[in-house]
$ cat start16.pdb   # PDB, C-alpha atoms
ATOM      1  CA  MET A   1      55.337 -11.718 153.763
ATOM      2  CA  ALA A   2      55.492  -9.870 157.045
ATOM      3  CA  ARG A   3      56.396  -6.488 155.692
ATOM      4  CA  THR A   4      57.415  -4.682 158.850
ATOM      5  CA  SER A   5      59.749  -7.368 160.093
ATOM      6  CA  ALA A   6      61.033  -8.020 156.574
ATOM      7  CA  ASP A   7      62.229  -4.450 156.337
ATOM      8  CA  GLY A   8      64.233  -4.895 159.461
ATOM      9  CA  GLY A   9      63.465  -1.488 160.857
ATOM     10  CA  THR A  10      65.665   0.309 158.360
ATOM     11  CA  ALA A  11      64.373   3.801 157.884
ATOM     12  CA  VAL A  12      64.948   6.822 155.736
ATOM     13  CA  HIS A  13      63.279   8.992 158.387
ATOM     14  CA  GLU A  14      63.187  12.247 156.519
ATOM     15  CA  ALA A  15      59.476  12.841 156.740
ATOM     16  CA  SER A  16      57.439  12.863 159.914
ATOM     17  CA  LEU A  17      53.908  11.529 159.968
ATOM     18  CA  PRO A  18      51.093  13.255 161.810
ATOM     19  CA  THR A  19      48.882  11.211 164.101
ATOM     20  CA  ILE A  20      45.244  11.562 163.189
ATOM     21  CA  PRO A  21      42.211  10.449 165.117
ATOM     22  CA  SER A  22      40.613   7.361 163.706
ATOM     23  CA  SER A  23      36.979   6.406 163.597
ATOM     24  CA  PRO A  24      36.271   3.095 161.931
ATOM     25  CA  ASP A  25      32.943   2.850 160.125
ATOM     26  CA  ALA A  26      30.349   0.303 161.187
ATOM     27  CA  GLU A  27      31.257  -2.202 158.499
ATOM     28  CA  SER A  28      34.926  -2.047 159.418
ATOM     29  CA  LEU A  29      34.112  -2.504 163.101
ATOM     30  CA  ALA A  30      32.029  -5.545 162.199
ATOM     31  CA  TRP A  31      35.017  -7.051 160.386
ATOM     32  CA  ILE A  32      37.278  -6.451 163.388
ATOM     33  CA  ASP A  33      34.723  -7.843 165.836
ATOM     34  CA  ALA A  34      34.196 -10.972 163.772
ATOM     35  CA  LEU A  35      37.881 -11.616 163.161
ATOM     36  CA  SER A  36      38.772 -10.945 166.798
ATOM     37  CA  GLY A  37      36.089 -13.257 168.077
ATOM     38  CA  ALA A  38      36.045 -17.010 168.429
ATOM     39  CA  GLY A  39      34.378 -20.093 167.114
ATOM     40  CA  GLN A  40      32.192 -20.348 164.051
ATOM     41  CA  GLN A  41      31.713 -16.585 163.671
ATOM     42  CA  ARG A  42      35.472 -16.049 163.412
ATOM     43  CA  GLN A  43      35.898 -18.948 161.016
ATOM     44  CA  GLU A  44      33.200 -17.570 158.739
ATOM     45  CA  ALA A  45      34.810 -14.125 158.827
ATOM     46  CA  ILE A  46      38.179 -15.617 157.893
ATOM     47  CA  GLU A  47      36.563 -17.389 154.948
ATOM     48  CA  ARG A  48      34.941 -14.134 153.789
ATOM     49  CA  LEU A  49      38.266 -12.360 154.202
ATOM     50  CA  HIS A  50      40.027 -15.029 152.166
ATOM     51  CA  ALA A  51      37.465 -14.681 149.372
ATOM     52  CA  LEU A  52      37.916 -10.897 149.400
ATOM     53  CA  LEU A  53      41.692 -11.173 149.249
ATOM     54  CA  LEU A  54      41.600 -13.815 146.541
ATOM     55  CA  ARG A  55      39.691 -11.370 144.341
ATOM     56  CA  ALA A  56      42.285  -8.694 145.151
ATOM     57  CA  SER A  57      45.163 -11.051 144.346
ATOM     58  CA  ARG A  58      43.573 -12.028 141.034
ATOM     59  CA  PHE A  59      43.067  -8.361 140.243
ATOM     60  CA  GLU A  60      46.743  -7.623 140.848
ATOM     61  CA  ILE A  61      47.979 -10.628 138.899
ATOM     62  CA  ALA A  62      45.743  -9.751 135.960
ATOM     63  CA  ARG A  63      47.266  -6.251 135.940
ATOM     64  CA  ARG A  64      50.753  -7.729 135.812
ATOM     65  CA  GLN A  65      50.086 -10.681 133.541
ATOM     66  CA  ARG A  66      52.190  -9.223 130.751
ATOM     67  CA  ALA A  67      55.268  -9.797 132.922
ATOM     68  CA  PHE A  68      54.889 -13.527 132.283
ATOM     69  CA  GLY A  69      56.297 -15.179 129.226
ATOM     70  CA  ASP A  70      54.280 -18.363 129.563
ATOM     71  CA  ASN A  71      50.928 -16.846 130.576
ATOM     72  CA  GLY A  72      50.184 -20.103 132.368
ATOM     73  CA  SER A  73      46.759 -19.558 133.869
ATOM     74  CA  GLY A  74      47.120 -22.477 136.292
ATOM     75  CA  ALA A  75      50.357 -21.123 137.695
ATOM     76  CA  LEU A  76      48.878 -17.649 137.994
ATOM     77  CA  GLU A  77      45.851 -18.976 139.872
ATOM     78  CA  ASP A  78      48.223 -20.811 142.203
ATOM     79  CA  LEU A  79      50.041 -17.535 142.813
ATOM     80  CA  ALA A  80      46.761 -15.760 143.539
ATOM     81  CA  THR A  81      45.682 -18.475 145.965
ATOM     82  CA  GLN A  82      49.042 -18.428 147.724
ATOM     83  CA  ALA A  83      49.047 -14.623 147.914
ATOM     84  CA  ALA A  84      45.546 -14.586 149.398
ATOM     85  CA  ALA A  85      46.454 -17.211 152.003
ATOM     86  CA  ASP A  86      49.636 -15.332 152.982
ATOM     87  CA  ALA A  87      47.719 -12.074 153.183
ATOM     88  CA  VAL A  88      45.094 -13.610 155.485
ATOM     89  CA  MET A  89      47.864 -14.735 157.823
ATOM     90  CA  ALA A  90      49.540 -11.314 157.735
ATOM     91  CA  ILE A  91      46.247  -9.572 158.474
ATOM     92  CA  LEU A  92      45.328 -11.842 161.372
ATOM     93  CA  ASN A  93      48.774 -11.224 162.853
ATOM     94  CA  LYS A  94      48.443  -7.463 162.435
ATOM     95  CA  LEU A  95      44.762  -7.036 163.227
ATOM     96  CA  HIS A  96      45.623  -5.134 166.395
ATOM     97  CA  THR A  97      47.411  -2.488 164.316
ATOM     98  CA  TYR A  98      44.295  -1.523 162.319
ATOM     99  CA  ARG A  99      43.468   2.010 163.439
ATOM    100  CA  GLY A 100      40.491   2.794 161.269
ATOM    101  CA  ASP A 101      42.306   5.370 159.141
ATOM    102  CA  SER A 102      40.649   3.765 156.120
ATOM    103  CA  ARG A 103      37.893   1.244 155.543
ATOM    104  CA  PHE A 104      38.901  -2.213 156.713
ATOM    105  CA  THR A 105      38.597  -3.605 153.196
ATOM    106  CA  THR A 106      41.023  -0.993 151.819
ATOM    107  CA  TRP A 107      43.452  -1.756 154.633
ATOM    108  CA  ALA A 108      43.139  -5.495 153.942
ATOM    109  CA  TYR A 109      43.499  -5.122 150.188
ATOM    110  CA  LYS A 110      46.981  -3.677 150.482
ATOM    111  CA  PHE A 111      48.269  -6.873 152.092
ATOM    112  CA  ALA A 112      46.905  -9.017 149.268
ATOM    113  CA  LEU A 113      48.223  -6.668 146.593
ATOM    114  CA  LEU A 114      51.668  -6.627 148.174
ATOM    115  CA  GLU A 115      51.796 -10.411 148.454
ATOM    116  CA  ALA A 116      50.628 -10.865 144.867
ATOM    117  CA  ALA A 117      52.957  -8.189 143.465
ATOM    118  CA  VAL A 118      56.023  -9.604 145.185
ATOM    119  CA  LYS A 119      55.200 -13.113 143.993
ATOM    120  CA  VAL A 120      54.650 -11.927 140.429
ATOM    121  CA  ARG A 121      57.899  -9.943 140.350
ATOM    122  CA  ARG A 122      59.888 -12.850 141.711
ATOM    123  CA  ARG A 123      58.284 -15.318 139.327
ATOM    124  CA  ALA A 124      58.957 -13.067 136.345
ATOM    125  CA  TRP A 125      62.648 -13.003 137.275
ATOM    126  CA  GLN A 126      63.026 -16.569 138.588
ATOM    127  CA  ASP A 127      65.074 -17.841 135.649
ATOM    128  CA  ARG A 128      66.847 -14.590 134.870
ATOM    129  CA  GLU A 129      70.210 -13.392 135.974
ATOM    130  CA  VAL A 130      70.027 -10.076 137.812
ATOM    131  CA  PRO A 131      72.266  -7.541 136.073
ATOM    132  CA  LEU A 132      73.912  -5.547 138.820
ATOM    133  CA  GLN A 133      76.014  -3.138 136.819
ATOM    134  CA  GLN A 134      77.189  -3.943 133.320
ATOM    135  CA  ASP A 135      74.083  -3.287 131.232
ATOM    136  CA  GLY A 136      72.932  -0.075 132.855
ATOM    137  CA  TRP A 137      76.446   1.257 133.195
ATOM    138  CA  ALA A 138      77.105   0.865 129.474
ATOM    139  CA  GLN A 139      73.709   2.361 128.710
ATOM    140  CA  LEU A 140      74.544   5.458 130.736
ATOM    141  CA  ALA A 141      77.762   5.955 128.823
ATOM    142  CA  ASP A 142      75.947   5.522 125.510
ATOM    143  CA  ARG A 143      73.190   7.924 126.437
ATOM    144  CA  SER A 144      75.539  10.851 127.038
ATOM    145  CA  ALA A 145      76.592  10.614 123.417
ATOM    146  CA  ALA A 146      73.118   9.882 122.017
ATOM    147  CA  PRO A 147      71.431  12.187 119.499
ATOM    148  CA  ASP A 148      68.614  13.015 121.932
ATOM    149  CA  ALA A 149      71.053  14.393 124.497
ATOM    150  CA  ASP A 150      71.555  18.141 124.246
ATOM    151  CA  ALA A 151      74.900  19.515 125.353
ATOM    152  CA  GLU A 152      73.720  20.455 128.829
ATOM    153  CA  THR A 153      72.055  17.090 129.459
ATOM    154  CA  ALA A 154      75.030  15.194 128.081
ATOM    155  CA  GLU A 155      77.336  17.113 130.426
ATOM    156  CA  LEU A 156      75.052  16.399 133.379
ATOM    157  CA  LEU A 157      74.881  12.710 132.491
ATOM    158  CA  GLY A 158      78.652  12.616 132.340
ATOM    159  CA  ALA A 159      78.883  14.270 135.742
ATOM    160  CA  VAL A 160      76.365  11.812 137.172
ATOM    161  CA  ARG A 161      78.377   8.932 135.751
ATOM    162  CA  ARG A 162      81.577  10.240 137.323
ATOM    163  CA  ALA A 163      79.811  10.804 140.649
ATOM    164  CA  ILE A 164      78.461   7.246 140.605
ATOM    165  CA  ALA A 165      81.912   5.883 139.853
ATOM    166  CA  ASP A 166      83.822   8.006 142.357
ATOM    167  CA  GLY A 167      81.358   8.929 145.076
ATOM    168  CA  LEU A 168      79.388   5.795 145.860
ATOM    169  CA  THR A 169      80.383   2.648 147.668
ATOM    170  CA  PRO A 170      80.392  -0.503 145.508
ATOM    171  CA  HIS A 171      77.175  -1.657 147.188
ATOM    172  CA  GLN A 172      75.442   1.691 146.648
ATOM    173  CA  ARG A 173      76.569   1.686 143.026
ATOM    174  CA  ALA A 174      75.333  -1.864 142.408
ATOM    175  CA  VAL A 175      71.929  -1.168 143.974
ATOM    176  CA  LEU A 176      71.478   2.149 142.168
ATOM    177  CA  VAL A 177      72.391   0.750 138.762
ATOM    178  CA  ALA A 178      70.355  -2.435 139.168
ATOM    179  CA  ILE A 179      67.162  -0.682 140.263
ATOM    180  CA  THR A 180      67.248   2.546 138.273
ATOM    181  CA  LEU A 181      69.069   1.565 135.079
ATOM    182  CA  ASN A 182      68.537  -2.169 134.772
ATOM    183  CA  ASP A 183      64.929  -2.083 136.054
ATOM    184  CA  VAL A 184      65.456  -4.934 138.486
ATOM    185  CA  PRO A 185      62.457  -4.958 140.866
ATOM    186  CA  ILE A 186      63.552  -4.079 144.375
ATOM    187  CA  ASP A 187      61.879  -7.206 145.814
ATOM    188  CA  VAL A 188      63.808  -9.411 143.398
ATOM    189  CA  LEU A 189      67.081  -7.694 144.192
ATOM    190  CA  ALA A 190      66.387  -7.976 147.919
ATOM    191  CA  GLU A 191      65.825 -11.712 147.580
ATOM    192  CA  ARG A 192      69.002 -12.227 145.532
ATOM    193  CA  LEU A 193      71.109 -10.179 147.951
ATOM    194  CA  SER A 194      69.510 -11.783 151.018
ATOM    195  CA  THR A 195      68.328  -8.469 152.359
ATOM    196  CA  THR A 196      65.053  -6.558 152.575
ATOM    197  CA  ARG A 197      63.168  -4.063 150.455
ATOM    198  CA  GLY A 198      63.456  -1.432 153.167
ATOM    199  CA  ALA A 199      67.188  -1.917 153.592
ATOM    200  CA  LEU A 200      67.763  -1.719 149.841
ATOM    201  CA  TYR A 201      65.679   1.415 149.508
ATOM    202  CA  LYS A 202      67.701   2.994 152.302
ATOM    203  CA  THR A 203      70.851   2.170 150.324
ATOM    204  CA  LEU A 204      69.297   3.651 147.183
ATOM    205  CA  HIS A 205      68.172   6.755 149.048
ATOM    206  CA  ASP A 206      71.584   7.333 150.584
ATOM    207  CA  GLY A 207      73.304   6.860 147.220
ATOM    208  CA  ARG A 208      70.978   9.325 145.513
ATOM    209  CA  LYS A 209      71.527  11.835 148.290
ATOM    210  CA  LYS A 210      75.285  11.553 147.812
ATOM    211  CA  LEU A 211      74.923  12.042 144.074
ATOM    212  CA  ARG A 212      72.780  15.163 144.457
ATOM    213  CA  ALA A 213      75.196  16.612 146.992
ATOM    214  CA  ARG A 214      78.186  15.893 144.774
ATOM    215  CA  LEU A 215      76.547  17.450 141.715
ATOM    216  CA  ALA A 216      75.456  20.512 143.691
ATOM    217  CA  ALA A 217      78.995  20.912 145.050
ATOM    218  CA  ASP A 218      80.286  20.745 141.483
ATOM    219  CA  GLY A 219      77.988  23.604 140.532
ATOM    220  CA  TYR A 220      75.226  21.731 138.701
ATOM    221  CA  VAL A 221      71.744  23.184 139.101
ATOM    222  CA  LEU A 222      69.255  20.339 139.373
ATOM    223  CA  ASP A 223      66.047  22.150 140.294
ATOM    224  CA  HIS A 224      64.638  21.868 136.786
ATOM    225  CA  LEU A 225      64.599  18.097 137.147
ATOM    226  CA  TRP A 226      61.922  18.310 139.813
ATOM    227  CA  GLU A 227      59.801  21.067 138.328
ATOM    228  CA  GLY A 228      56.195  19.948 138.288
ATOM    229  CA  GLY A 229      56.811  17.575 141.162
ATOM    230  CA  THR A 230      58.260  14.686 139.190
ATOM    231  CA  PRO A 231      61.961  14.387 138.619
TER     232      PRO A 231
ATOM    233  CA  MET B   1      59.576   6.009 126.048
ATOM    234  CA  SER B   2      61.508   7.703 123.303
ATOM    235  CA  ASP B   3      61.370   6.700 119.646
ATOM    236  CA  THR B   4      64.296   4.381 120.296
ATOM    237  CA  GLY B   5      62.329   2.466 122.921
ATOM    238  CA  ARG B   6      64.550   3.848 125.652
ATOM    239  CA  PRO B   7      63.302   6.049 128.485
ATOM    240  CA  PRO B   8      63.737   9.788 127.993
ATOM    241  CA  LEU B   9      66.955  11.162 129.415
ATOM    242  CA  ALA B  10      65.062  13.260 131.949
ATOM    243  CA  ASP B  11      63.508  10.055 133.297
ATOM    244  CA  VAL B  12      66.917   8.378 133.458
ATOM    245  CA  LEU B  13      68.303  11.308 135.415
ATOM    246  CA  GLY B  14      65.219  11.449 137.613
ATOM    247  CA  GLY B  15      65.543   7.771 138.453
ATOM    248  CA  LEU B  16      69.223   8.084 139.268
ATOM    249  CA  LEU B  17      68.913  11.187 141.413
ATOM    250  CA  GLY B  18      65.556  10.392 143.033
ATOM    251  CA  PRO B  19      63.097  12.758 144.663
ATOM    252  CA  ALA B  20      64.608  15.895 146.146
ATOM    253  CA  GLY B  21      62.390  16.356 149.195
ATOM    254  CA  PRO B  22      61.856  14.407 152.375
ATOM    255  CA  GLU B  23      60.255  11.042 151.804
ATOM    256  CA  LEU B  24      58.775   8.178 153.735
ATOM    257  CA  THR B  25      60.443   4.806 154.111
ATOM    258  CA  CYS B  26      58.954   1.733 152.418
ATOM    259  CA  ASP B  27      57.526   0.636 155.783
ATOM    260  CA  GLN B  28      55.931   4.019 156.431
ATOM    261  CA  CYS B  29      54.579   4.037 152.910
ATOM    262  CA  PHE B  30      52.905   0.652 153.391
ATOM    263  CA  GLU B  31      51.492   1.755 156.724
ATOM    264  CA  GLN B  32      49.896   4.869 155.242
ATOM    265  CA  LEU B  33      49.001   3.600 151.774
ATOM    266  CA  ASP B  34      45.333   2.735 152.437
ATOM    267  CA  ARG B  35      44.667   6.071 154.095
ATOM    268  CA  TYR B  36      46.480   7.973 151.348
ATOM    269  CA  VAL B  37      44.500   6.254 148.580
ATOM    270  CA  GLU B  38      41.153   6.893 150.262
ATOM    271  CA  LEU B  39      42.084  10.555 150.744
ATOM    272  CA  GLU B  40      43.041  10.793 147.077
ATOM    273  CA  LEU B  41      39.790   9.216 145.926
ATOM    274  CA  SER B  42      37.721  11.431 148.208
ATOM    275  CA  GLY B  43      39.277  14.528 146.663
ATOM    276  CA  SER B  44      41.074  15.486 149.879
ATOM    277  CA  ASP B  45      44.612  16.844 149.940
ATOM    278  CA  ALA B  46      46.329  13.499 150.457
ATOM    279  CA  ASP B  47      49.801  14.973 150.003
ATOM    280  CA  ALA B  48      49.267  17.469 152.801
ATOM    281  CA  ALA B  49      47.825  14.779 155.073
ATOM    282  CA  VAL B  50      50.665  12.325 154.422
ATOM    283  CA  PRO B  51      53.818  14.384 153.818
ATOM    284  CA  GLY B  52      56.623  12.518 152.147
ATOM    285  CA  MET B  53      54.340   9.952 150.504
ATOM    286  CA  LYS B  54      54.322  11.509 147.025
ATOM    287  CA  ALA B  55      58.113  11.757 146.969
ATOM    288  CA  HIS B  56      58.462   8.137 148.030
ATOM    289  CA  LEU B  57      56.000   6.914 145.408
ATOM    290  CA  GLU B  58      58.043   8.756 142.784
ATOM    291  CA  GLY B  59      61.334   7.418 144.101
ATOM    292  CA  CYS B  60      60.412   3.791 144.806
ATOM    293  CA  PRO B  61      59.137   1.963 141.719
ATOM    294  CA  ALA B  62      57.712  -0.958 143.710
ATOM    295  CA  CYS B  63      55.788   1.203 146.175
ATOM    296  CA  GLY B  64      54.610   3.320 143.244
ATOM    297  CA  GLU B  65      53.191   0.215 141.586
ATOM    298  CA  ASP B  66      51.579  -0.915 144.841
ATOM    299  CA  HIS B  67      49.911   2.482 145.136
ATOM    300  CA  ASP B  68      48.601   2.369 141.577
ATOM    301  CA  SER B  69      47.203  -1.120 142.148
ATOM    302  CA  LEU B  70      45.458  -0.260 145.414
ATOM    303  CA  ARG B  71      43.963   2.866 143.923
ATOM    304  CA  ALA B  72      42.748   0.944 140.866
ATOM    305  CA  LEU B  73      41.283  -1.842 142.998
ATOM    306  CA  VAL B  74      39.426   0.507 145.331
ATOM    307  CA  GLU B  75      38.094   2.427 142.333
ATOM    308  CA  ASP B  76      37.041  -0.871 140.761
ATOM    309  CA  ARG B  77      35.428  -2.253 143.910
ATOM    310  CA  PRO B  78      34.359   0.827 145.909
ATOM    311  CA  SER B  79      31.928  -1.004 148.202
ATOM    312  CA  ALA B  80      33.486  -4.452 148.341
ATOM    313  CA  GLY B  81      33.346  -6.289 151.593
TER     314      GLY B  81
END

$ encode --input "start16.pdb" --output "structure tokens"
Amino acid sequence: MARTSADGGTAVHEASLPTIPSSPDAESLAWIDALSGAGQQRQEAIERLHALLLRASRFEIARRQRAFGDNGSGALEDLATQAAADAVMAILNKLHTYRGDSRFTTWAYKFALLEAAVKVRRRAWQDREVPLQQDGWAQLADRSAAPDADAETAELLGAVRRAIADGLTPHQRAVLVAITLNDVPIDVLAERLSTTRGALYKTLHDGRKKLRARLAADGYVLDHLWEGGTP
Amino acid sequence: MSDTGRPPLADVLGGLLGPAGPELTCDQCFEQLDRYVELELSGSDADAAVPGMKAHLEGCPACGEDHDSLRALVEDRPSAG
């Protein structure tokens, strides 16, 4: 998957990134030289890269194996092989963007992990209907009346529910509920809605921002939710 | 998870409302992820070096998982290559 193009340039753009000087280590430079070269040396480097990424893909799939109902080892190995091959292609296409901010192997790993993770998420959901609203919406209503909800939390949940119903567009509401209440992976939802992960996250971000603004305007103090850095 | 197998209410609210501060996009997160993980593992202040990353990892479940995987892999294979 070509991540940058897949996200279609949609951006949240609320944080700015500093530019730092880069200085690739010798091993990383050797990787770049070999992969940028020609002939047998390049071919051998590509084969080493593929082997490296296959190990990374297997690592990722092993971490996520519980997501599979069938635990079919042959199918999982096929996924790992496919993820490694796709990652090699992505890396060769983006080699010119490697700036040496990390070791080359760390930079390369992230492509294999992304390819493997997306494939695993999609496979885990391939025969499942994606619940866009119903399940999570009912759950939210139930939770405000649940025994573990104190009065203040129950009131806040009710306010959140009203804000979701009244303040969000139908698309924002569907994305928010699917991802945050129904635990639909964002890659799976993006595929089903024929959009991109970046575009969906932008929708989610904008919806959340609206909710926080609405609750603040209604006098709810939310700071305690983010105490300690995690909401 | 709570005793009922459901996520705690604070987590439900946190997921709905998302991180409060500025955050990176998914694309920016992917671009910076390798650097961020190496800074974390070296004991450097990764959050100061890559502002907005922590908030995004908390707000985006998929990017959060990708971060955890890369960190685990680099820890597992520190000198691979």

$ residues_around --input "start16.pdb" --residues "region 79-81 of chain A" --least-positions-apart "4" --cutoff "12 Å" --atoms "all atoms listed in the file" --output "PyMOL selection string"
chain A and resi 50-62+64-65+72-75+85-88+112-124

$ closest_atom_pairs --input "start16.pdb" --of "chain B" --to "chain A" --cutoff "7 Å" --atoms "all atoms listed in the file" --output "Markdown table"
| residue | atom | partner | partner_atom | distance |
| --- | --- | --- | --- | --- |
| B:Gly14 | CA | A:Pro231 | CA | 4.5 |
| B:Gly15 | CA | A:Thr180 | CA | 5.5 |
| B:Leu16 | CA | A:Thr180 | CA | 6.0 |
| B:Leu17 | CA | A:Arg208 | CA | 5.0 |
| B:Gly18 | CA | A:Arg208 | CA | 6.1 |
| B:Pro19 | CA | A:Pro231 | CA | 6.4 |
| B:Pro22 | CA | A:Glu14 | CA | 4.9 |
| B:Glu23 | CA | A:Ala15 | CA | 5.3 |
| B:Leu24 | CA | A:Ala15 | CA | 5.6 |
| B:Thr25 | CA | A:Val12 | CA | 5.2 |
| B:Cys26 | CA | A:Gly198 | CA | 5.6 |
| B:Asp27 | CA | A:Thr4 | CA | 6.1 |
| B:Asp34 | CA | A:Trp107 | CA | 5.3 |
| B:Arg35 | CA | A:Ser102 | CA | 5.1 |
| B:Glu38 | CA | A:Ser102 | CA | 6.7 |
| B:Val50 | CA | A:Leu17 | CA | 6.5 |
| B:Pro51 | CA | A:Ala15 | CA | 6.6 |
| B:Gly52 | CA | A:Ala15 | CA | 5.4 |
| B:Glu58 | CA | A:Thr230 | CA | 6.9 |
| B:Ala62 | CA | A:Ile186 | CA | 6.7 |
| B:Asp66 | CA | A:Leu114 | CA | 6.6 |
| B:Ser69 | CA | A:Glu60 | CA | 6.6 |
| B:Leu70 | CA | A:Lys110 | CA | 6.3 |
| B:Val74 | CA | A:Thr106 | CA | 6.8 |
| B:Gly81 | CA | A:Thr105 | CA | 6.1 |

$ atom_distance --input "start16.pdb" --atom1 "CA of Leu29 (chain A)" --atom2 "CA of Asp76 (chain B)"
22.6 Å

$ atom_distance --input "start16.pdb" --atom1 "CA of Pro131 (chain A)" --atom2 "CA of Ala174 (chain A)"
9.0 Å

$ residues_around --input "start16.pdb" --residues "Val37 (chain B)" --least-positions-apart "3" --cutoff "8 Å" --atoms "all atoms listed in the file" --output "JSON list (two decimals) with C-alpha atoms, in the frame of the given file"
[["chain", "number", "residue", "atom", "x", "y", "z"],
["B", 33, "LEU", "CA", 49.00, 3.60, 151.77],
["B", 34, "ASP", "CA", 45.33, 2.74, 152.44],
["B", 40, "GLU", "CA", 43.04, 10.79, 147.08],
["B", 41, "LEU", "CA", 39.79, 9.22, 145.93],
["B", 46, "ALA", "CA", 46.33, 13.50, 150.46],
["B", 67, "HIS", "CA", 49.91, 2.48, 145.14],
["B", 70, "LEU", "CA", 45.46, -0.26, 145.41],
["B", 71, "ARG", "CA", 43.96, 2.87, 143.92]]

$ atom_distance --input "start16.pdb" --atom1 "CA of Leu35 (chain A)" --atom2 "CA of Leu95 (chain A)"
8.3 Å

$ closest_residue --input "start16.pdb" --among "A:Glu191, A:Asp166, A:Asp33, A:Asp127" --to "Ile46 (chain A)" --atoms "only C-alpha atoms"
A:Asp33

$ closest_residue --input "start16.pdb" --among "A:Glu152, A:Ala163, A:Ala30, A:Ser36" --to "Arg214 (chain A)" --atoms "only C-alpha atoms"
A:Ala163

$ closest_residue --input "start16.pdb" --among "B:Ala48, B:Cys60, B:Met53, B:Leu9" --to "Glu31 (chain B)" --atoms "only C-alpha atoms"
B:Met53

$ closest_residue --input "start16.pdb" --among "B:Ala72, B:Cys29, B:Val12, B:Ala20" --to "Leu57 (chain B)" --atoms "only C-alpha atoms"
B:Cys29

$ closest_residue --input "start16.pdb" --among "A:Leu168, A:Ala159, A:Val188, A:Leu92" --to "Ala216 (chain A)" --atoms "all atoms listed in the file"
A:Ala159
